[in-house]
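Enquirer: Got a structure for you, run_13.csv, holding CSV, C-alpha atoms and all ligand atoms.
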chain,number,residue,atom,x,y,z
S,1,MET,CA,92.1,120.0,87.3
S,2,PRO,CA,89.2,122.1,88.5
S,3,HIS,CA,90.4,125.5,89.5
S,4,ILE,CA,89.4,129.2,89.5
S,5,VAL,CA,91.3,132.4,88.9
S,6,ILE,CA,90.2,135.4,91.0
S,7,ASP,CA,91.1,139.1,90.7
S,8,LYS,CA,92.3,139.8,94.3
S,9,ILE,CA,93.0,138.4,97.7
S,10,LYS,CA,92.8,140.1,101.0
S,11,LYS,CA,94.9,139.8,104.2
S,12,ILE,CA,92.8,137.3,106.2
S,13,LYS,CA,92.9,136.5,109.9
S,14,TYR,CA,92.5,132.8,110.3
S,15,PRO,CA,90.5,130.8,111.4
S,16,VAL,CA,87.4,132.2,109.8
S,17,THR,CA,84.1,130.6,108.7
S,18,VAL,CA,82.1,131.5,105.6
S,19,ASP,CA,78.9,129.7,104.7
S,20,ASP,CA,79.7,126.5,106.7
S,21,VAL,CA,83.3,126.4,105.3
S,22,GLU,CA,86.0,126.8,107.9
S,23,PHE,CA,89.3,128.3,106.7
S,24,LEU,CA,91.7,127.0,109.4
S,25,PHE,CA,95.1,128.4,108.7
S,26,GLU,CA,97.4,129.7,106.0
S,27,ALA,CA,100.7,127.9,105.6
S,28,GLU,CA,102.6,129.9,102.9
S,29,ASN,CA,100.5,129.2,99.8
S,30,LEU,CA,98.4,126.5,101.3
S,31,ILE,CA,95.1,127.1,103.1
S,32,GLY,CA,93.6,124.5,105.5
S,33,VAL,CA,89.9,124.0,104.8
S,34,LYS,CA,87.2,122.1,106.7
S,35,THR,CA,83.7,121.4,105.4
S,36,LYS,CA,81.0,119.2,107.0
S,37,LYS,CA,82.3,116.3,104.9
S,38,ALA,CA,86.0,116.8,104.4
S,39,LYS,CA,89.3,118.4,105.5
S,40,PHE,CA,91.7,119.4,102.8
S,41,LEU,CA,94.1,122.0,101.4
S,42,ILE,CA,93.7,124.6,98.7
S,43,LYS,CA,96.6,126.3,97.0
S,44,VAL,CA,96.7,130.0,96.0
S,45,LEU,CA,99.3,131.0,93.4
S,46,LYS,CA,100.0,134.6,92.2
S,47,LYS,CA,99.7,134.8,88.5
S,48,GLU,CA,100.4,137.6,86.0
S,49,LYS,CA,96.7,138.4,86.0
S,50,GLY,CA,95.0,137.5,89.3
S,51,PHE,CA,95.3,134.5,91.6
S,52,LEU,CA,95.0,130.9,90.7
S,53,VAL,CA,93.1,128.9,93.3
S,54,LYS,CA,93.3,125.1,93.0
S,55,TYR,CA,93.2,122.1,95.3
S,56,ASP,CA,96.1,120.1,96.7
S,57,LYS,CA,96.2,116.6,95.2
S,58,ILE,CA,97.3,114.8,98.3
S,59,THR,CA,94.2,115.8,100.3
S,60,ARG,CA,91.8,116.0,97.4
S,61,PRO,CA,88.1,115.7,98.5
S,62,LEU,CA,84.9,115.2,96.3
S,63,ILE,CA,84.4,118.0,93.7
S,64,SER,CA,81.3,119.1,95.6
S,65,GLU,CA,83.5,120.1,98.6
S,66,ILE,CA,86.0,121.8,96.4
S,67,LYS,CA,83.3,123.9,94.8
S,68,LYS,CA,81.9,124.9,98.2
S,69,ALA,CA,85.4,125.9,99.3
S,70,TYR,CA,86.1,127.9,96.1
S,71,LYS,CA,82.8,129.8,96.4
S,72,ALA,CA,83.4,130.6,100.1
S,73,PHE,CA,87.0,131.7,99.4
S,74,VAL,CA,85.8,134.1,96.7
S,75,LYS,CA,83.3,135.6,99.2
S,76,LEU,CA,85.9,135.7,101.9
S,77,ASN,CA,88.2,137.8,99.7
S,78,GLY,CA,85.4,140.0,98.2
S,79,ALA,CA,86.8,138.9,94.9
S,80,ASN,CA,85.5,138.3,91.3
S,81,ILE,CA,86.1,135.2,89.3
S,82,ILE,CA,88.1,135.9,86.2
S,83,PHE,CA,88.2,132.3,85.0
S,84,GLU,CA,86.8,128.9,86.2
S,85,ASN,CA,86.7,125.4,84.7
S,86,ILE,CA,84.5,123.7,87.4
S,87,GLU,CA,81.0,124.2,86.1
S,88,GLY,CA,79.4,121.0,84.9
S,89,ILE,CA,82.1,118.7,86.3
S,90,LYS,CA,80.2,115.6,87.2
S,91,GLU,CA,80.5,114.1,90.6
S,92,LYS,CA,81.5,110.4,90.5
S,93,ILE,CA,79.0,108.5,92.7
S,94,PRO,CA,81.1,106.3,95.0
S,95,ASP,CA,80.6,102.7,94.0
S,96,LYS,CA,79.5,100.5,96.9
S,97,ASN,CA,81.6,97.7,95.5
S,98,LEU,CA,84.8,99.8,95.6
S,99,LEU,CA,86.5,99.7,99.0
S,100,ASP,CA,89.6,101.5,100.2
S,101,ILE,CA,92.4,100.7,102.5
S,102,THR,CA,90.4,101.8,105.6
S,103,SER,CA,87.5,99.5,104.8
S,104,ASP,CA,86.5,96.6,107.1
S,105,LEU,CA,87.6,93.4,105.3
S,106,SER,CA,86.3,90.9,107.9
S,107,ASP,CA,83.6,89.5,105.6
S,108,VAL,CA,85.9,88.7,102.6
S,109,ASP,CA,86.1,84.9,101.8
S,110,ILE,CA,88.3,84.9,98.6
S,111,VAL,CA,91.0,87.2,97.4
S,112,GLU,CA,92.3,87.6,93.8
S,113,VAL,CA,95.5,89.6,93.3
S,114,GLY,CA,96.0,91.5,90.1
S,115,PHE,CA,92.8,90.4,88.3
S,116,GLY,CA,93.5,92.4,85.1
S,117,SER,CA,90.6,92.0,82.7
S,118,GLY,CA,88.6,90.3,85.5
S,119,ARG,CA,87.6,87.2,83.7
S,120,HIS,CA,88.6,84.9,86.6
S,121,LEU,CA,87.2,87.3,89.2
S,122,LEU,CA,83.8,87.3,87.6
S,123,HIS,CA,84.0,83.5,87.3
S,124,LEU,CA,84.7,83.2,91.0
S,125,ALA,CA,81.7,85.5,91.8
S,126,LYS,CA,79.4,83.2,89.9
S,127,LYS,CA,81.0,79.9,91.1
S,128,TYR,CA,80.7,81.1,94.8
S,129,PRO,CA,77.5,83.2,95.0
S,130,ASP,CA,77.5,83.0,98.8
S,131,LYS,CA,81.0,84.2,99.2
S,132,ILE,CA,82.5,87.7,99.1
S,133,ILE,CA,85.3,87.9,96.6
S,134,LEU,CA,87.8,90.7,97.0
S,135,GLY,CA,89.8,91.7,93.9
S,136,ILE,CA,93.0,93.8,94.5
S,137,GLU,CA,94.4,95.6,91.5
S,138,ILE,CA,96.7,98.6,91.0
S,139,HIS,CA,95.6,99.3,87.4
S,140,LYS,CA,92.7,101.7,87.5
S,141,PRO,CA,91.2,101.1,84.0
S,142,SER,CA,90.9,97.3,84.8
S,143,ILE,CA,89.0,98.3,87.9
S,144,GLU,CA,86.6,100.5,86.1
S,145,GLN,CA,86.0,97.8,83.5
S,146,VAL,CA,85.2,95.2,86.1
S,147,LEU,CA,83.0,97.5,88.2
S,148,LYS,CA,80.9,98.2,85.0
S,149,ARG,CA,80.6,94.4,84.4
S,150,CYS,CA,79.4,93.9,88.0
S,151,ILE,CA,76.5,96.4,87.4
S,152,TYR,CA,75.8,95.0,83.9
S,153,GLU,CA,75.7,91.4,85.1
S,154,ASN,CA,74.0,92.2,88.4
S,155,ILE,CA,76.9,90.8,90.5
S,156,ASP,CA,76.9,91.9,94.1
S,157,ASN,CA,79.4,89.7,95.8
S,158,ILE,CA,82.6,91.3,94.4
S,159,ARG,CA,84.5,94.0,96.3
S,160,ILE,CA,87.5,95.8,94.8
S,161,ILE,CA,90.4,97.7,96.2
S,162,ASN,CA,92.8,99.9,94.2
S,163,HIS,CA,96.0,99.2,96.1
S,164,ASP,CA,99.1,97.1,96.4
S,165,ALA,CA,97.9,93.6,97.3
S,166,ARG,CA,101.0,93.0,99.4
S,167,ILE,CA,99.7,95.7,101.8
S,168,ILE,CA,96.0,94.8,101.7
S,169,LEU,CA,96.6,91.2,102.6
S,170,SER,CA,98.1,92.3,105.9
S,171,LYS,CA,94.7,93.8,106.8
S,172,ILE,CA,92.6,90.6,106.4
S,173,PRO,CA,91.7,88.9,109.7
S,174,SER,CA,93.5,85.6,110.5
S,175,ASN,CA,92.1,82.2,109.6
S,176,ARG,CA,89.5,83.8,107.4
S,177,LEU,CA,90.1,83.1,103.7
S,178,HIS,CA,88.9,80.1,101.6
S,179,SER,CA,91.4,80.8,98.9
S,180,ILE,CA,93.9,83.4,97.4
S,181,TYR,CA,94.5,83.5,93.6
S,182,VAL,CA,97.6,85.0,92.0
S,183,HIS,CA,97.2,84.4,88.3
S,184,PHE,CA,99.9,85.4,85.8
S,185,PRO,CA,101.6,88.0,88.1
S,186,VAL,CA,104.1,90.4,86.5
S,187,PRO,CA,107.4,88.5,86.7
S,188,TRP,CA,109.5,91.7,87.3
S,189,ASP,CA,112.7,89.9,86.3
S,190,LYS,CA,114.6,93.2,86.5
S,191,LYS,CA,112.9,94.5,89.7
S,192,PRO,CA,112.4,91.4,91.8
S,193,HIS,CA,111.5,93.6,94.9
S,194,ARG,CA,108.2,94.4,93.1
S,195,ARG,CA,107.1,90.8,92.9
S,196,VAL,CA,103.8,90.0,94.6
S,197,ILE,CA,105.1,86.6,95.8
S,198,ASN,CA,107.7,87.0,98.5
S,199,ARG,CA,108.3,85.8,102.0
S,200,ASP,CA,106.1,88.5,103.7
S,201,PHE,CA,103.3,87.8,101.2
S,202,ILE,CA,103.4,84.0,101.9
S,203,ASN,CA,103.5,84.6,105.6
S,204,GLU,CA,100.5,86.9,105.5
S,205,SER,CA,98.7,84.3,103.2
S,206,VAL,CA,99.3,81.5,105.7
S,207,ARG,CA,97.9,83.8,108.5
S,208,ALA,CA,94.9,84.9,106.5
S,209,LEU,CA,93.9,81.5,105.1
S,210,LYS,CA,91.6,79.1,107.0
S,211,LYS,CA,92.9,75.7,107.8
S,212,ASP,CA,92.8,73.8,104.5
S,213,GLY,CA,92.4,77.0,102.6
S,214,PHE,CA,94.8,77.4,99.6
S,215,LEU,CA,96.8,79.9,97.6
S,216,HIS,CA,96.9,79.3,93.8
S,217,LEU,CA,99.7,80.7,91.8
S,218,ARG,CA,99.5,80.2,88.0
S,219,THR,CA,102.3,81.5,85.8
S,220,ASP,CA,103.8,81.2,82.3
S,221,SER,CA,107.2,82.4,83.5
S,222,ASP,CA,109.9,79.7,84.1
S,223,ASN,CA,111.8,82.1,86.2
S,224,TYR,CA,108.9,83.2,88.3
S,225,PHE,CA,107.8,79.6,88.8
S,226,GLU,CA,111.3,78.6,90.0
S,227,TYR,CA,111.7,81.7,92.2
S,228,SER,CA,108.2,81.2,93.8
S,229,LEU,CA,108.8,77.5,94.4
S,230,ASN,CA,112.0,78.3,96.2
S,231,GLU,CA,110.2,81.0,98.3
S,232,PHE,CA,107.5,78.6,99.3
S,233,LEU,CA,110.1,75.9,100.1
S,234,SER,CA,112.0,78.2,102.4
S,235,PHE,CA,109.1,77.8,104.8
S,236,LYS,CA,109.5,75.2,107.5
S,237,GLU,CA,106.1,73.5,107.2
S,238,ILE,CA,104.4,73.7,103.9
S,239,ASP,CA,102.1,71.6,101.8
S,240,LEU,CA,102.6,72.2,98.0
S,241,LYS,CA,101.1,70.8,94.9
S,242,VAL,CA,102.8,71.5,91.6
S,243,GLN,CA,101.4,71.0,88.1
S,244,LYS,CA,102.5,71.7,84.6
S,245,ASN,CA,100.3,72.4,81.5
S,246,ILE,CA,97.1,71.3,83.2
S,247,PRO,CA,94.0,73.2,81.8
S,248,TYR,CA,92.2,75.4,84.2
S,249,GLU,CA,88.5,76.0,84.6
S,250,VAL,CA,88.7,79.5,83.0
S,251,SER,CA,91.3,80.9,80.7
S,252,SER,CA,92.4,84.5,81.2
S,253,LYS,CA,93.4,86.9,78.5
S,254,TYR,CA,97.1,86.3,79.3
S,255,GLU,CA,96.6,82.6,79.3
S,256,ASP,CA,95.1,82.7,75.8
S,257,ARG,CA,98.1,84.6,74.6
S,258,TRP,CA,100.7,82.2,76.1
S,259,ARG,CA,98.8,79.2,74.9
S,260,LYS,CA,99.0,80.5,71.3
S,261,MET,CA,102.7,80.9,71.8
S,262,GLU,CA,102.8,77.3,73.2
S,263,LYS,CA,104.4,78.4,76.4
S,264,ASP,CA,104.5,76.1,79.5
S,265,ILE,CA,102.1,77.0,82.2
S,266,TYR,CA,102.8,76.2,85.8
S,267,ASP,CA,100.5,75.9,88.9
S,268,ILE,CA,101.6,76.0,92.5
S,269,TYR,CA,98.9,75.3,95.1
S,270,MET,CA,100.0,76.0,98.7
S,271,ILE,CA,97.6,74.4,101.1
S,272,ASN,CA,97.5,75.9,104.6
S,273,HIS,CA,97.4,73.6,107.7
S,274,THR,CA,98.2,76.3,110.3
S,275,ILE,CA,95.7,77.9,112.7
S,276,SER,CA,97.2,81.4,113.2
S,277,ASP,CA,97.0,83.9,116.0
S,278,GLU,CA,94.4,86.7,115.7
S,279,LEU,CA,95.5,89.8,113.9
S,280,VAL,CA,96.2,92.6,116.4
S,281,GLU,CA,95.4,96.0,114.8
S,282,ASP,CA,95.5,98.6,117.4
S,283,PHE,CA,97.2,101.6,115.7
S,284,ASP,CA,97.4,104.8,117.7
S,285,PHE,CA,98.5,107.6,115.3
S,286,SER,CA,98.6,110.3,118.0
S,287,PHE,CA,101.6,112.5,118.9
S,288,GLU,CA,102.6,113.6,122.4
S,289,CYS,CA,105.0,116.4,121.6
S,290,ARG,CA,105.9,119.0,119.0
S,291,LEU,CA,108.3,117.5,116.3
S,292,LYS,CA,111.7,119.1,116.4
S,293,ASN,CA,115.1,119.0,114.5
S,294,LEU,CA,113.4,117.9,111.3
S,295,ASP,CA,115.7,116.8,108.5
S,296,PHE,CA,114.9,116.2,104.9
S,297,ALA,CA,117.1,113.1,104.2
S,298,PRO,CA,115.0,110.1,103.3
S,299,LYS,CA,115.2,107.4,106.0
S,300,ILE,CA,115.0,103.8,104.7
S,301,TYR,CA,114.3,100.9,107.1
S,302,ASP,CA,113.6,97.2,106.4
S,303,ASN,CA,109.8,97.6,106.3
S,304,PHE,CA,109.2,101.3,105.7
S,305,VAL,CA,110.5,104.7,104.8
S,306,ILE,CA,110.2,108.2,106.2
S,307,HIS,CA,110.8,111.3,104.1
S,308,ILE,CA,110.1,114.8,105.3
S,309,GLU,CA,109.7,116.7,102.0
S,310,LYS,CA,108.7,120.2,102.9
S,311,VAL,CA,107.7,122.4,105.8
S,312,PHE,CA,105.2,125.3,105.4
S,313,LYS,CA,105.3,128.0,108.1
S,314,ILE,CA,101.9,129.0,109.6
S,315,ASP,CA,103.0,131.2,112.5
S,316,ASP,CA,105.6,131.2,115.3
S,317,LYS,CA,104.0,128.2,117.0
S,318,ARG,CA,102.7,126.1,114.0
S,319,GLU,CA,103.8,124.7,110.7
S,320,LEU,CA,102.5,122.2,108.2
S,321,ILE,CA,104.9,119.3,107.4
S,322,ARG,CA,104.5,117.4,104.1
S,323,ALA,CA,106.0,113.9,104.2
S,324,THR,CA,105.9,110.4,102.7
S,325,ILE,CA,105.9,107.5,105.1
S,326,GLY,CA,105.1,103.8,105.1
S,327,ASN,CA,105.8,100.9,102.8
S,328,PHE,CA,108.9,101.3,100.6
S,329,ASN,CA,107.2,100.4,97.4
S,330,ARG,CA,103.9,102.2,98.1
S,331,PRO,CA,104.7,105.1,100.5
S,332,GLU,CA,101.8,107.4,101.4
S,333,HIS,CA,101.7,111.2,101.3
S,334,ILE,CA,100.7,112.8,104.5
S,335,TYR,CA,100.5,116.2,106.2
S,336,ILE,CA,101.2,116.9,109.9
S,337,LEU,CA,100.1,120.0,111.6
S,338,ASN,CA,103.1,120.5,113.8
S,339,GLN,CA,102.2,122.4,117.0
S,340,GLU,CA,102.3,121.9,120.8
S,341,THR,CA,100.4,118.6,120.3
S,342,PRO,CA,100.8,117.7,116.6
S,343,GLU,CA,98.1,116.0,114.6
S,344,TYR,CA,97.8,114.5,111.1
S,345,PHE,CA,96.1,116.9,108.8
S,346,LYS,CA,96.0,114.0,106.4
S,347,SER,CA,96.4,110.8,108.2
S,348,PRO,CA,98.1,107.7,107.0
S,349,ALA,CA,96.0,104.6,106.4
S,350,PRO,CA,95.8,102.3,109.4
S,351,ILE,CA,98.3,99.6,108.3
S,352,ARG,CA,101.3,98.2,110.0
S,353,GLU,CA,104.1,99.8,107.9
S,354,ASN,CA,102.5,103.2,108.4
S,355,TYR,CA,102.2,102.6,112.1
S,356,LEU,CA,105.9,101.5,112.3
S,357,ALA,CA,106.9,104.7,110.4
S,358,HIS,CA,104.7,106.8,112.7
S,359,ILE,CA,106.4,105.4,115.8
S,360,GLU,CA,109.9,105.9,114.3
S,361,LEU,CA,109.0,109.4,113.1
S,362,LYS,CA,108.0,110.3,116.7
S,363,ARG,CA,111.2,108.7,118.1
S,364,ILE,CA,113.6,110.5,115.8
S,365,PHE,CA,111.9,113.9,115.9
S,366,ASN,CA,111.0,114.2,119.6
S,367,GLY,CA,107.3,113.4,119.1
S,368,CYS,CA,106.9,111.1,122.0
S,369,ALA,CA,108.9,112.6,124.9
S,370,CYS,CA,108.8,116.4,125.2
S,371,LYS,CA,112.5,117.2,125.5
S,372,SER,CA,113.1,120.9,125.5
M,1,LIG,C1,100.1,90.1,83.8
M,1,LIG,S1,98.6,90.8,84.5
M,1,LIG,C2,97.6,89.4,84.8
M,1,LIG,C3,96.1,89.7,84.9
M,1,LIG,C4,95.2,88.6,85.1
M,1,LIG,N1,95.4,87.9,86.4
M,1,LIG,C5,95.2,87.6,84.0
M,1,LIG,O1,95.6,86.4,84.2
M,1,LIG,O2,94.8,87.9,82.9
M,1,LIG,C6,99.1,91.2,86.1
M,1,LIG,C7,98.2,92.1,86.8
M,1,LIG,O3,98.6,92.3,88.2
M,1,LIG,C8,98.4,93.7,88.5
M,1,LIG,N2,99.4,93.9,89.6
M,1,LIG,C9,100.8,94.0,89.6
M,1,LIG,N3,101.3,94.2,90.8
M,1,LIG,C10,100.3,94.2,91.7
M,1,LIG,C11,100.2,94.4,93.1
M,1,LIG,N4,101.3,94.6,93.8
M,1,LIG,N5,99.0,94.4,93.7
M,1,LIG,C12,97.8,94.3,92.9
M,1,LIG,N6,97.9,94.1,91.6
M,1,LIG,C13,99.1,94.1,90.9
M,1,LIG,C14,98.7,94.4,87.3
M,1,LIG,O4,98.2,95.7,87.3
M,1,LIG,C15,98.1,93.5,86.2
M,1,LIG,O5,96.7,93.8,86.0
Have the structure of the file written as structure tokens, please.
Expert:
Amino acid sequence: MPHIVIDKIKKIKYPVTVDDVEFLFEAENLIGVKTKKAKFLIKVLKKEKGFLVKYDKITRPLISEIKKAYKAFVKLNGANIIFENIEGIKEKIPDKNLLDITSDLSDVDIVEVGFGSGRHLLHLAKKYPDKIILGIEIHKPSIEQVLKRCIYENIDNIRIINHDARIILSKIPSNRLHSIYVHFPVPWDKKPHRRVINRDFINESVRALKKDGFLHLRTDSDNYFEYSLNEFLSFKEIDLKVQKNIPYEVSSKYEDRWRKMEKDIYDIYMINHTISDELVEDFDFSFECRLKNLDFAPKIYDNFVIHIEKVFKIDDKRELIRATIGNFNRPEHIYILNQETPEYFKSPAPIRENYLAHIELKRIFNGCACKS
């Protein structure tokens, strides 16, 4: 982790600006920093020899911004650097094919969930050169490999998001997708709540698919096949096609392995006939009033969680709250600057579970009606 060690720190009166870097507040050992491109926190820790200055992982910006902040912080304190490990760290150029949870997904035509080695994703991109293919994957090395292949093979209709597919699907506009592919998902026999296919996912698929669009599940797991078939069948109106051991147009790495072991392979095609209501995404993440009576017990609801983890004091009127909120399986780390009108120092992504958690957070901690 890029950090520096400096010989001394001074008592500073915040806010203060040095060389275009604003130091906003000090909340115990955290310092709020704002540059032209980013807002983040740095941490200052007293060591045997000097003071270690490093960045906070939750709000981590690009290395270039961290370097600017470290430099300005050294100047602000009139300090000398005893040790640094940031020289020569290369900035990763953001890849235009790599999206994030805040990206606009309205031009996506096809989704592949958990693409792994990416064989099928690359096949889709070549088969449908006029369509935008979105691959959603939680495994970073697979993503890096596929992004390299896109450059190498000059493919420009693939987009990739590193996130849980069950959350991303809920951000795709309604009646938009030609198809959704879920090939050889992890069966999670011991942790079924982690399975990609579940009622919410099928619901969101029906909503996001065009009329006559389809979801294709291919699996080698007898258990997962039976479980998924039952999940699909629990829907009132559904058009399903089921196949067993039918060769597919491209064989993935997993498929090759299962074939050698002579395992059965199942396909379920769910064809959508519904025209769904438009997706309403109007998430207001503001607060009206200072949060009060904070407690640290995790709060678990049907669709989301709220967990206040730590509170860092700034002064008599302000504090910085660190919390995790949002989807139970993929909660997000956030910071709230708690003051007369609180604001997120690091905002949650604009998705439904985070919004529900935000509303509940305000309700339980006085954030929407200023009771004295
Ligand atoms: C068994 S591999 C199959 C990979 C590929 N589809 C194939 O057929 O070779 C399952 C993949 O799904 C990914 N995955 C698991 N859960 C996921 C989720 N909730 N969202 C996105 N990707 C997920 C895993 O990281 C893994 O790469």
Enquirer: Near S:Tyr248, counting all atoms listed in the file, which residues have an atom at most 12 Å away, once you skip same-chain residues fewer than 5 positions from it, shown as a count of residues only?
Expert: 13
Enquirer: For ligand LIG 1 (chain M), which residue among S:Glu65, S:Asp316, S:Asp220, S:Glu262 is the nearest when counting only C-alpha atoms and all ligand atoms?
Expert: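 Selected residue with least distance to ligand LIG 1 (chain M): S:Asp220.
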Enquirer: With all atoms listed in the file as the basis for distance, which of S:Lys46, S:Lys253, S:Lys211, S:Lys37 is at the shortest distance from ligand LIG 1 (chain M)?
Expert: S:Lys253
Enquirer: Can you write out as CSV which residues of chain S fall within 10 Å of ligand LIG 1 (chain M), alongside each residue's closest atom pair and its distance in Å to one decimal, counting only C-alpha atoms and all ligand atoms and ordering rows by chain and ascending residue number?
Expert:
residue,atom,partner,partner_atom,distance
S:Glu112,CA,M:LIG1,N1,8.0
S:Val113,CA,M:LIG1,C12,5.2
S:Gly114,CA,M:LIG1,O3,3.3
S:Phe115,CA,M:LIG1,N1,4.1
S:Gly116,CA,M:LIG1,O5,3.6
S:Ser117,CA,M:LIG1,O2,5.9
S:Gly118,CA,M:LIG1,C4,6.8
S:Arg119,CA,M:LIG1,O2,7.3
S:His120,CA,M:LIG1,N1,7.4
S:Leu121,CA,M:LIG1,N1,8.7
S:Gly135,CA,M:LIG1,C12,8.5
S:Ile136,CA,M:LIG1,C12,5.1
S:Glu137,CA,M:LIG1,N6,3.8
S:Ile138,CA,M:LIG1,N6,4.7
S:His139,CA,M:LIG1,O4,4.4
S:Lys140,CA,M:LIG1,O4,8.1
S:Pro141,CA,M:LIG1,O5,9.4
S:Ser142,CA,M:LIG1,O5,6.9
S:Ile143,CA,M:LIG1,O5,9.1
S:Ile161,CA,M:LIG1,C12,8.8
S:Asn162,CA,M:LIG1,C12,7.6
S:His163,CA,M:LIG1,C12,6.1
S:Asp164,CA,M:LIG1,N5,3.8
S:Ala165,CA,M:LIG1,N5,3.8
S:Arg166,CA,M:LIG1,N4,5.8
S:Ile167,CA,M:LIG1,N4,8.2
S:Ile168,CA,M:LIG1,N5,8.6
S:Leu169,CA,M:LIG1,N5,9.8
S:Tyr181,CA,M:LIG1,N1,8.5
S:Val182,CA,M:LIG1,N1,6.7
S:His183,CA,M:LIG1,N1,4.4
S:Phe184,CA,M:LIG1,O1,4.7
S:Pro185,CA,M:LIG1,C6,4.5
S:Val186,CA,M:LIG1,C1,4.8
S:Pro187,CA,M:LIG1,C1,8.0
S:Trp188,CA,M:LIG1,N3,9.3
S:Arg194,CA,M:LIG1,N4,6.9
S:Arg195,CA,M:LIG1,N4,7.0
S:Val196,CA,M:LIG1,N4,5.3
S:Ile197,CA,M:LIG1,N4,9.1
S:Leu217,CA,M:LIG1,N1,10.0
S:Arg218,CA,M:LIG1,O1,8.3
S:Thr219,CA,M:LIG1,O1,8.5
S:Asp220,CA,M:LIG1,C1,9.8
S:Val250,CA,M:LIG1,O1,9.8
S:Ser251,CA,M:LIG1,O1,7.8
S:Ser252,CA,M:LIG1,O2,4.5
S:Lys253,CA,M:LIG1,O2,4.7
S:Tyr254,CA,M:LIG1,O2,4.6
S:Glu255,CA,M:LIG1,O1,6.3
S:Asp256,CA,M:LIG1,O2,8.8
S:Arg257,CA,M:LIG1,O2,9.5
S:Asn329,CA,M:LIG1,N4,9.0
S:Arg330,CA,M:LIG1,N4,9.1
Enquirer: Kindly give the distance, in Å, that separates atom CA of S:Asn366 and atom CA of S:Ile308, rounded to a single decimal.
Expert: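 So the answer is 14.3 Å.
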Enquirer: Rank nothing, just name the residue among S:Lys126, S:Lys67, S:Lys34, S:Arg199 nearest to S:Ser228, using all atoms listed in the file.
Expert: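 So, comparing all the options, the nearest one is S:Arg199.
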Enquirer: Can you tell me how far atom CA of S:Ile81 sits from atom CA of S:Val5, in Å to one decimal?
Expert: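 Separation between atom CA of S:Ile81 and atom CA of S:Val5: 5.9 Å.
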Enquirer: Any idea what's packed within 10 Å of S:Lys49, counting all atoms listed in the file, ignoring anything in its chain fewer than 2 positions away? Could you give it as a list in words?
Expert: Val5, Ile6, Asp7, Lys8, Lys46, Lys47, Phe51, Leu52 and Ile82 of chain S
Enquirer: Using Å and a single decimal, report how far atom CA of S:Phe328 sits from atom CA of S:Phe304.
Expert: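 Atom CA of S:Phe304 sits 5.1 Å away from atom CA of S:Phe328.
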Enquirer: Can you find the residues with an atom no farther than 6 Å from (110.9, 115.8, 112.6), counting only C-alpha atoms, and report them as a PDB file with C-alpha atoms, in the coordinates of the input?
Expert:
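File produced: result-v8.pdb:
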ATOM      1  CA  LEU S 291     108.300 117.500 116.300  1.00  0.00           C
ATOM      2  CA  LYS S 292     111.700 119.100 116.400  1.00  0.00           C
ATOM      3  CA  ASN S 293     115.100 119.000 114.500  1.00  0.00           C
ATOM      4  CA  LEU S 294     113.400 117.900 111.300  1.00  0.00           C
ATOM      5  CA  PHE S 365     111.900 113.900 115.900  1.00  0.00           C
TER       6      PHE S 365
END
Enquirer: For S:Leu122, which residue out of S:Asn175, S:Thr35, S:Thr102, S:Asn157 is the nearest one, using all atoms listed in the file?
Expert: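 Smallest separation from S:Leu122 among the options: S:Asn157.
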Enquirer: Determine the nearest neighbour of S:Leu98 from the options S:Ile364, S:Ile160, S:Ala79, S:Ile132, counting all atoms listed in the file.
Expert: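 Residue with the minimum atom-to-atom distance to S:Leu98: S:Ile160.
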Enquirer: List the neighbours of S:Glu332 out to 12 Å using all atoms listed in the file; skip same-chain residues closer than 2 positions along the sequence, and give me the result as a ChimeraX atom specification.
Expert: /S:58-59,101,163-164,167,304-308,322-330,334-335,346-351,353-355,357-358
